[in-house]
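Student: Structure supplied as data-v3.cif; contents: mmCIF, C-alpha atoms.
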```cif
data_query
loop_
_atom_site.group_PDB
_atom_site.id
_atom_site.type_symbol
_atom_site.label_atom_id
_atom_site.label_comp_id
_atom_site.auth_asym_id
_atom_site.auth_seq_id
_atom_site.Cartn_x
_atom_site.Cartn_y
_atom_site.Cartn_z
ATOM 1 C CA MET A 475 0.000 0.000 0.000
ATOM 2 C CA SER A 476 1.281 3.492 -0.785
ATOM 3 C CA ALA A 477 1.361 6.352 1.740
ATOM 4 C CA PRO A 478 -1.723 6.307 3.969
ATOM 5 C CA PRO A 479 -4.375 8.982 3.432
ATOM 6 C CA GLN A 480 -4.081 12.101 5.601
ATOM 7 C CA HIS A 481 -7.776 12.219 6.555
ATOM 8 C CA LEU A 482 -10.238 9.886 8.255
ATOM 9 C CA LEU A 483 -11.401 7.331 5.720
ATOM 10 C CA THR A 484 -14.932 6.211 5.036
ATOM 11 C CA ALA A 485 -15.652 2.505 4.633
ATOM 12 C CA GLU A 486 -16.111 3.116 0.905
ATOM 13 C CA GLU A 487 -12.682 4.778 0.568
ATOM 14 C CA PHE A 488 -11.133 1.953 2.596
ATOM 15 C CA ALA A 489 -12.706 -0.654 0.289
ATOM 16 C CA ALA A 490 -11.295 1.116 -2.782
ATOM 17 C CA LEU A 491 -7.680 1.129 -1.537
ATOM 18 C CA PRO A 492 -5.158 -1.255 -3.172
ATOM 19 C CA LEU A 493 -4.366 -3.057 0.077
ATOM 20 C CA GLY A 494 -2.513 -6.071 -1.357
ATOM 21 C CA ASP A 495 -2.117 -9.222 0.716
ATOM 22 C CA THR A 496 -1.713 -7.561 4.113
ATOM 23 C CA ARG A 497 -4.741 -7.584 6.403
ATOM 24 C CA TYR A 498 -6.094 -4.288 7.667
ATOM 25 C CA GLU A 499 -9.049 -3.010 9.650
ATOM 26 C CA LEU A 500 -10.558 0.457 9.640
ATOM 27 C CA VAL A 501 -10.927 1.747 13.207
ATOM 28 C CA ARG A 502 -12.594 5.127 13.668
ATOM 29 C CA GLY A 503 -11.522 6.138 10.164
ATOM 30 C CA GLU A 504 -7.882 5.069 10.546
ATOM 31 C CA ILE A 505 -6.167 2.073 8.960
ATOM 32 C CA VAL A 506 -4.809 -0.498 11.405
ATOM 33 C CA THR A 507 -2.413 -3.204 10.168
ATOM 34 C CA MET A 508 -3.175 -6.759 11.231
ATOM 35 C CA PRO A 509 0.135 -8.681 11.156
ATOM 36 C CA PRO A 510 0.134 -12.435 10.514
ATOM 37 C CA ALA A 511 -0.615 -14.486 13.613
ATOM 38 C CA PHE A 512 1.485 -17.219 15.199
ATOM 39 C CA GLY A 513 0.587 -20.921 15.157
ATOM 40 C CA SER A 514 -1.169 -20.988 18.526
ATOM 41 C CA HIS A 515 -3.507 -18.241 17.336
ATOM 42 C CA GLY A 516 -4.352 -20.112 14.142
ATOM 43 C CA LYS A 517 -4.938 -23.401 15.955
ATOM 44 C CA VAL A 518 -7.261 -21.885 18.559
ATOM 45 C CA THR A 519 -9.125 -19.834 15.930
ATOM 46 C CA MET A 520 -9.678 -22.941 13.782
ATOM 47 C CA ARG A 521 -10.852 -25.030 16.734
ATOM 48 C CA LEU A 522 -13.327 -22.365 17.840
ATOM 49 C CA GLY A 523 -14.460 -21.464 14.327
ATOM 50 C CA GLY A 524 -14.617 -25.030 13.047
ATOM 51 C CA SER A 525 -16.640 -26.243 16.034
ATOM 52 C CA LEU A 526 -18.992 -23.264 15.821
ATOM 53 C CA ALA A 527 -19.427 -23.604 12.050
ATOM 54 C CA TYR A 528 -20.142 -27.328 12.281
ATOM 55 C CA HIS A 529 -22.728 -26.814 15.035
ATOM 56 C CA THR A 530 -24.497 -23.925 13.315
ATOM 57 C CA LEU A 531 -24.525 -25.682 9.932
ATOM 58 C CA THR A 532 -25.754 -28.989 11.376
ATOM 59 C CA HIS A 533 -28.569 -27.298 13.289
ATOM 60 C CA LYS A 534 -29.321 -24.660 10.618
ATOM 61 C CA LEU A 535 -28.859 -21.846 13.132
ATOM 62 C CA GLY A 536 -27.250 -19.313 10.806
ATOM 63 C CA GLU A 537 -23.831 -18.538 9.332
ATOM 64 C CA ALA A 538 -20.346 -18.612 10.831
ATOM 65 C CA TYR A 539 -17.667 -16.352 9.330
ATOM 66 C CA ALA A 540 -13.877 -16.631 9.187
ATOM 67 C CA ALA A 541 -11.222 -14.130 10.217
ATOM 68 C CA GLU A 542 -10.918 -12.059 7.048
ATOM 69 C CA THR A 543 -14.608 -11.135 6.995
ATOM 70 C CA GLY A 544 -15.126 -7.405 7.508
ATOM 71 C CA PHE A 545 -18.108 -6.132 9.471
ATOM 72 C CA PHE A 546 -19.167 -2.504 9.064
ATOM 73 C CA ILE A 547 -19.825 -1.561 12.680
ATOM 74 C CA ALA A 548 -19.817 2.235 12.867
ATOM 75 C CA ARG A 549 -20.261 5.330 10.707
ATOM 76 C CA ASN A 550 -18.734 8.823 11.181
ATOM 77 C CA PRO A 551 -15.986 7.923 11.750
ATOM 78 C CA ASP A 552 -16.297 4.587 9.981
ATOM 79 C CA THR A 553 -15.132 1.319 11.514
ATOM 80 C CA VAL A 554 -14.748 -1.987 9.681
ATOM 81 C CA ARG A 555 -13.431 -4.811 11.854
ATOM 82 C CA ALA A 556 -12.659 -8.441 11.109
ATOM 83 C CA PRO A 557 -13.080 -10.700 14.151
ATOM 84 C CA ASP A 558 -11.350 -14.065 14.261
ATOM 85 C CA VAL A 559 -14.740 -15.828 14.237
ATOM 86 C CA ALA A 560 -18.273 -14.452 13.909
ATOM 87 C CA PHE A 561 -21.805 -15.828 13.818
ATOM 88 C CA ILE A 562 -25.088 -14.349 12.578
ATOM 89 C CA GLN A 563 -28.371 -16.071 13.465
ATOM 90 C CA ALA A 564 -30.440 -17.302 10.500
ATOM 91 C CA SER A 565 -33.316 -14.904 11.190
ATOM 92 C CA ARG A 566 -30.941 -11.944 10.758
ATOM 93 C CA LEU A 567 -29.300 -13.019 7.492
ATOM 94 C CA THR A 568 -30.022 -10.670 4.593
ATOM 95 C CA PRO A 569 -28.914 -10.446 0.947
ATOM 96 C CA GLU A 570 -26.237 -7.988 2.172
ATOM 97 C CA THR A 571 -24.569 -10.710 4.249
ATOM 98 C CA ASN A 572 -23.646 -12.435 0.964
ATOM 99 C CA ALA A 573 -22.836 -9.293 -1.036
ATOM 100 C CA ASN A 574 -19.345 -8.371 -2.192
ATOM 101 C CA THR A 575 -18.967 -5.693 0.499
ATOM 102 C CA TRP A 576 -18.433 -5.326 4.239
ATOM 103 C CA ILE A 577 -21.257 -7.035 6.119
ATOM 104 C CA PRO A 578 -23.602 -4.368 7.542
ATOM 105 C CA VAL A 579 -25.418 -6.848 9.811
ATOM 106 C CA MET A 580 -23.908 -7.021 13.291
ATOM 107 C CA PRO A 581 -22.888 -10.539 14.367
ATOM 108 C CA ASN A 582 -24.712 -12.120 17.279
ATOM 109 C CA LEU A 583 -21.434 -13.647 18.464
ATOM 110 C CA VAL A 584 -17.794 -12.691 17.952
ATOM 111 C CA ALA A 585 -14.692 -14.604 19.027
ATOM 112 C CA GLU A 586 -11.304 -12.925 19.263
ATOM 113 C CA VAL A 587 -8.118 -14.914 19.823
ATOM 114 C CA VAL A 588 -5.347 -12.954 21.510
ATOM 115 C CA SER A 589 -2.058 -12.851 19.589
ATOM 116 C CA SER A 590 1.348 -12.514 21.219
ATOM 117 C CA GLY A 591 1.614 -8.862 20.141
ATOM 118 C CA ASP A 592 -1.818 -7.807 21.431
ATOM 119 C CA ARG A 593 -1.876 -5.511 24.450
ATOM 120 C CA PRO A 594 -4.484 -6.108 27.186
ATOM 121 C CA THR A 595 -5.936 -2.615 26.676
ATOM 122 C CA GLU A 596 -6.412 -3.311 22.944
ATOM 123 C CA ILE A 597 -8.209 -6.581 23.685
ATOM 124 C CA ALA A 598 -10.521 -4.981 26.254
ATOM 125 C CA GLU A 599 -11.242 -2.123 23.817
ATOM 126 C CA LYS A 600 -12.041 -4.564 21.011
ATOM 127 C CA ALA A 601 -14.466 -6.566 23.183
ATOM 128 C CA ARG A 602 -16.133 -3.329 24.353
ATOM 129 C CA MET A 603 -16.377 -2.072 20.752
ATOM 130 C CA TRP A 604 -18.176 -5.242 19.677
ATOM 131 C CA LEU A 605 -20.603 -5.074 22.609
ATOM 132 C CA ASP A 606 -21.264 -1.369 22.044
ATOM 133 C CA ALA A 607 -22.028 -2.148 18.380
ATOM 134 C CA GLY A 608 -24.716 -4.664 19.384
ATOM 135 C CA VAL A 609 -22.953 -8.044 19.565
ATOM 136 C CA ARG A 610 -24.672 -10.144 22.219
ATOM 137 C CA LEU A 611 -21.834 -12.535 23.092
ATOM 138 C CA VAL A 612 -18.060 -12.030 22.799
ATOM 139 C CA TRP A 613 -15.512 -14.745 23.492
ATOM 140 C CA VAL A 614 -11.890 -13.708 24.000
ATOM 141 C CA ALA A 615 -9.473 -16.648 23.973
ATOM 142 C CA PHE A 616 -6.038 -16.318 25.584
ATOM 143 C CA PRO A 617 -3.858 -19.174 24.223
ATOM 144 C CA SER A 618 -0.918 -18.482 26.561
ATOM 145 C CA ALA A 619 -3.144 -18.577 29.673
ATOM 146 C CA ARG A 620 -5.477 -21.253 28.209
ATOM 147 C CA THR A 621 -8.513 -19.243 29.334
ATOM 148 C CA ILE A 622 -11.539 -17.728 27.628
ATOM 149 C CA GLU A 623 -13.279 -14.560 28.737
ATOM 150 C CA VAL A 624 -17.024 -14.450 28.089
ATOM 151 C CA HIS A 625 -18.457 -10.948 27.625
ATOM 152 C CA ARG A 626 -22.145 -10.026 27.606
ATOM 153 C CA PRO A 627 -23.674 -6.524 27.438
ATOM 154 C CA GLY A 628 -24.107 -4.975 30.869
ATOM 155 C CA GLN A 629 -22.437 -7.876 32.701
ATOM 156 C CA PRO A 630 -18.945 -8.379 34.087
ATOM 157 C CA ALA A 631 -16.738 -10.697 32.036
ATOM 158 C CA ARG A 632 -16.462 -14.310 33.193
ATOM 159 C CA THR A 633 -13.229 -16.284 32.792
ATOM 160 C CA LEU A 634 -13.414 -19.965 31.838
ATOM 161 C CA ARG A 635 -10.548 -22.395 32.464
ATOM 162 C CA ALA A 636 -9.700 -26.049 31.804
ATOM 163 C CA GLY A 637 -12.438 -28.248 33.233
ATOM 164 C CA GLU A 638 -15.132 -25.745 32.249
ATOM 165 C CA THR A 639 -17.298 -25.555 29.131
ATOM 166 C CA LEU A 640 -17.686 -22.727 26.653
ATOM 167 C CA ALA A 641 -21.391 -22.423 25.775
ATOM 168 C CA GLY A 642 -23.339 -20.621 23.080
ATOM 169 C CA GLU A 643 -25.953 -19.771 25.698
ATOM 170 C CA ASP A 644 -29.100 -18.234 24.146
ATOM 171 C CA VAL A 645 -27.109 -16.903 21.159
ATOM 172 C CA VAL A 646 -26.045 -20.281 19.711
ATOM 173 C CA PRO A 647 -28.414 -22.779 21.348
ATOM 174 C CA GLY A 648 -26.917 -26.175 22.110
ATOM 175 C CA PHE A 649 -23.310 -25.181 21.381
ATOM 176 C CA ALA A 650 -20.846 -26.455 23.981
ATOM 177 C CA LEU A 651 -17.093 -26.979 23.765
ATOM 178 C CA ALA A 652 -14.713 -27.924 26.543
ATOM 179 C CA VAL A 653 -12.205 -25.153 27.192
ATOM 180 C CA SER A 654 -9.423 -27.754 27.183
ATOM 181 C CA ASP A 655 -10.485 -28.810 23.637
ATOM 182 C CA VAL A 656 -10.149 -25.226 22.430
ATOM 183 C CA PHE A 657 -6.470 -25.163 23.363
ATOM 184 C CA GLY A 658 -5.628 -28.820 22.685
#
```
Go through the file and emit its structure as structure tokens.
Tutor:
Amino acid sequence: MSAPPQHLLTAEEFAALPLGDTRYELVRGEIVTMPPAFGSHGKVTMRLGGSLAYHTLTHKLGEAYAAETGFFIARNPDTVRAPDVAFIQASRLTPETNANTWIPVMPNLVAEVVSSGDRPTEIAEKARMWLDAGVRLVWVAFPSARTIEVHRPGQPARTLRAGETLAGEDVVPGFALAVSDVFG
């Protein structure tokens, strides 16, 4: 990518940029680089995403989305974020969720897997941003600690450890995965 623009970008300007193979997000009108993740991040993301996708497909609950999927979550300044895993319930799927553009429908669930370079304040901000945008359930997986934080709007985060089960609660009915299986 050439020199970054000197003004806050709109989602439309962001989409038109020649970004190449590097992953980026648009956060409050500014481009944020998303460096490649390490192996532990990829393994945990695949285990969470694969299990969620299989469950939602088998039970026809909606659609699960992979890491590169951009969700348009705020306007003025615009924000387009790409969670590691996302899920939208079937009743909320629209033609726009399959269009060749950022998805304007807010996920019901988002999972973020913490990378080695992520700072705790960034992770907390990202979870808060998703909840503020209308996501009903946010999972934040910490591979190094082998824990998962569960965030719900208006509630304190809960931390799950080995021996406990990650559940889809009322957002993804019937989904359950042992925390120890997430980290292998």
Student: Kindly compute an axis-aligned box around the listed atoms of stretch 593-598 of chain A, allowing 5 Å on each side, and express its centre and edge lengths in Å to one decimal as AutoDock Vina command-line options.
Tutor:
```
--center_x -6.2 --center_y -4.6 --center_z 25.1 --size_x 18.6 --size_y 14.0 --size_z 14.2
```
Student: With a distance cut-off of 12 Å and all atoms listed in the file, select the neighbouring residues of A:Ile505, excluding the residue or stretch itself and same-chain residues fewer than 2 positions from it, and output the selection as a PyMOL selection string.
Tutor: chain A and resi 475+477-485+487-489+491+493+496-503+507-508+551-555
Student: Using all atoms listed in the file, which of A:Glu586, A:Leu567, A:Ala548, A:Arg635 sits nearest A:Ala607?
Tutor: A:Ala548
Student: Go through A:Ala585, A:Met580, A:Leu651, A:Ala636 and flag the residue nearest A:Asp606, using only C-alpha atoms for the distances.
Tutor: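 Among the listed residues, A:Met580 lies closest to A:Asp606.
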Student: Which is closer to A:Trp604 than all the others in A:Val624, A:Glu643, A:Ala541, A:Val584, using all atoms listed in the file?
Tutor: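 Counting all atoms listed in the file, the residue closest to A:Trp604 is A:Val584.
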Student: Give me the residues within 8 Å of A:Leu583 as a ChimeraX atom specification, counting only C-alpha atoms and dropping any in the same chain fewer than 3 places off.
Tutor: /A:560-562,609-613,645
Student: Atom CA of A:Gly608 and atom CA of A:Arg521, how far apart in Å?
Tutor: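 Calculated distance between atom CA of A:Arg521 and atom CA of A:Gly608 is 24.8 Å.
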Student: Expressed in Å to a single decimal, how great is the separation between atom CA of A:Pro627 and atom CA of A:Glu599?
Tutor: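 Going from atom CA of A:Pro627 over to atom CA of A:Glu599, I get 13.7 Å.
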Student: List as a ChimeraX atom specification the protein and nucleic acid residues near A:Val653, meaning an atom at most 12 Å away when only C-alpha atoms are counted, but skip any in the same chain fewer than 5 places from it.
Tutor: /A:518,521-522,613-617,619-624,633-641,658
Student: So that I have them on file, write out the residues from the current selection with C-alpha atoms, as a compact mmCIF listing (two decimals), keeping the file's coordinate frame.
Tutor:
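Output below, filename again.txt:
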```txt
# COMPACT_ATOMS: atom_id res chain seq x y z
CA VAL A 518 -7.26 -21.88 18.56
CA ARG A 521 -10.85 -25.03 16.73
CA LEU A 522 -13.33 -22.36 17.84
CA TRP A 613 -15.51 -14.74 23.49
CA VAL A 614 -11.89 -13.71 24.00
CA ALA A 615 -9.47 -16.65 23.97
CA PHE A 616 -6.04 -16.32 25.58
CA PRO A 617 -3.86 -19.17 24.22
CA ALA A 619 -3.14 -18.58 29.67
CA ARG A 620 -5.48 -21.25 28.21
CA THR A 621 -8.51 -19.24 29.33
CA ILE A 622 -11.54 -17.73 27.63
CA GLU A 623 -13.28 -14.56 28.74
CA VAL A 624 -17.02 -14.45 28.09
CA THR A 633 -13.23 -16.28 32.79
CA LEU A 634 -13.41 -19.96 31.84
CA ARG A 635 -10.55 -22.40 32.46
CA ALA A 636 -9.70 -26.05 31.80
CA GLY A 637 -12.44 -28.25 33.23
CA GLU A 638 -15.13 -25.74 32.25
CA THR A 639 -17.30 -25.56 29.13
CA LEU A 640 -17.69 -22.73 26.65
CA ALA A 641 -21.39 -22.42 25.78
CA GLY A 658 -5.63 -28.82 22.68
```
Student: Could you please determine the separation between atom CA of A:Ala540 and atom CA of A:Gly523 in Å, to one decimal place?
Tutor: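 These atoms are spaced 7.1 Å apart.
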Student: Using the chain letters and numbers from this file, what does the PyMOL selection byres ((chain A and resi 527) around 10) select? Give the answer as number ranges by chain.
Tutor: A: 520-526, 528-533, 535-540, 559-561
Student: For the provided coordinates, the residues matched by the PyMOL selection byres ((chain A and resi 513) around 12) should be stated as a list in words.
Tutor: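 So the PyMOL selection byres ((chain A and resi 513) around 12) ends up selecting Pro510, Ala511, Phe512, Ser514, His515, Gly516, Lys517, Val518, Thr519, Met520, Val587, Val588, Ser589, Ser590, Pro617, Ser618 and Phe657 of chain A.
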Student: Find, counting all atoms listed in the file, the residue in A:Ile577, A:Pro647, A:Pro557, A:Gln563 that gets nearest to A:Met603.
Tutor: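 Smallest distance to A:Met603 is found for A:Pro557.
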Student: Looking at all atoms listed in the file, which of A:Ala631, A:Glu542, A:Asn582, A:Arg566 is the one that sits closest to A:Ala598?
Tutor: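 Distance minimum relative to A:Ala598 lands on A:Ala631.
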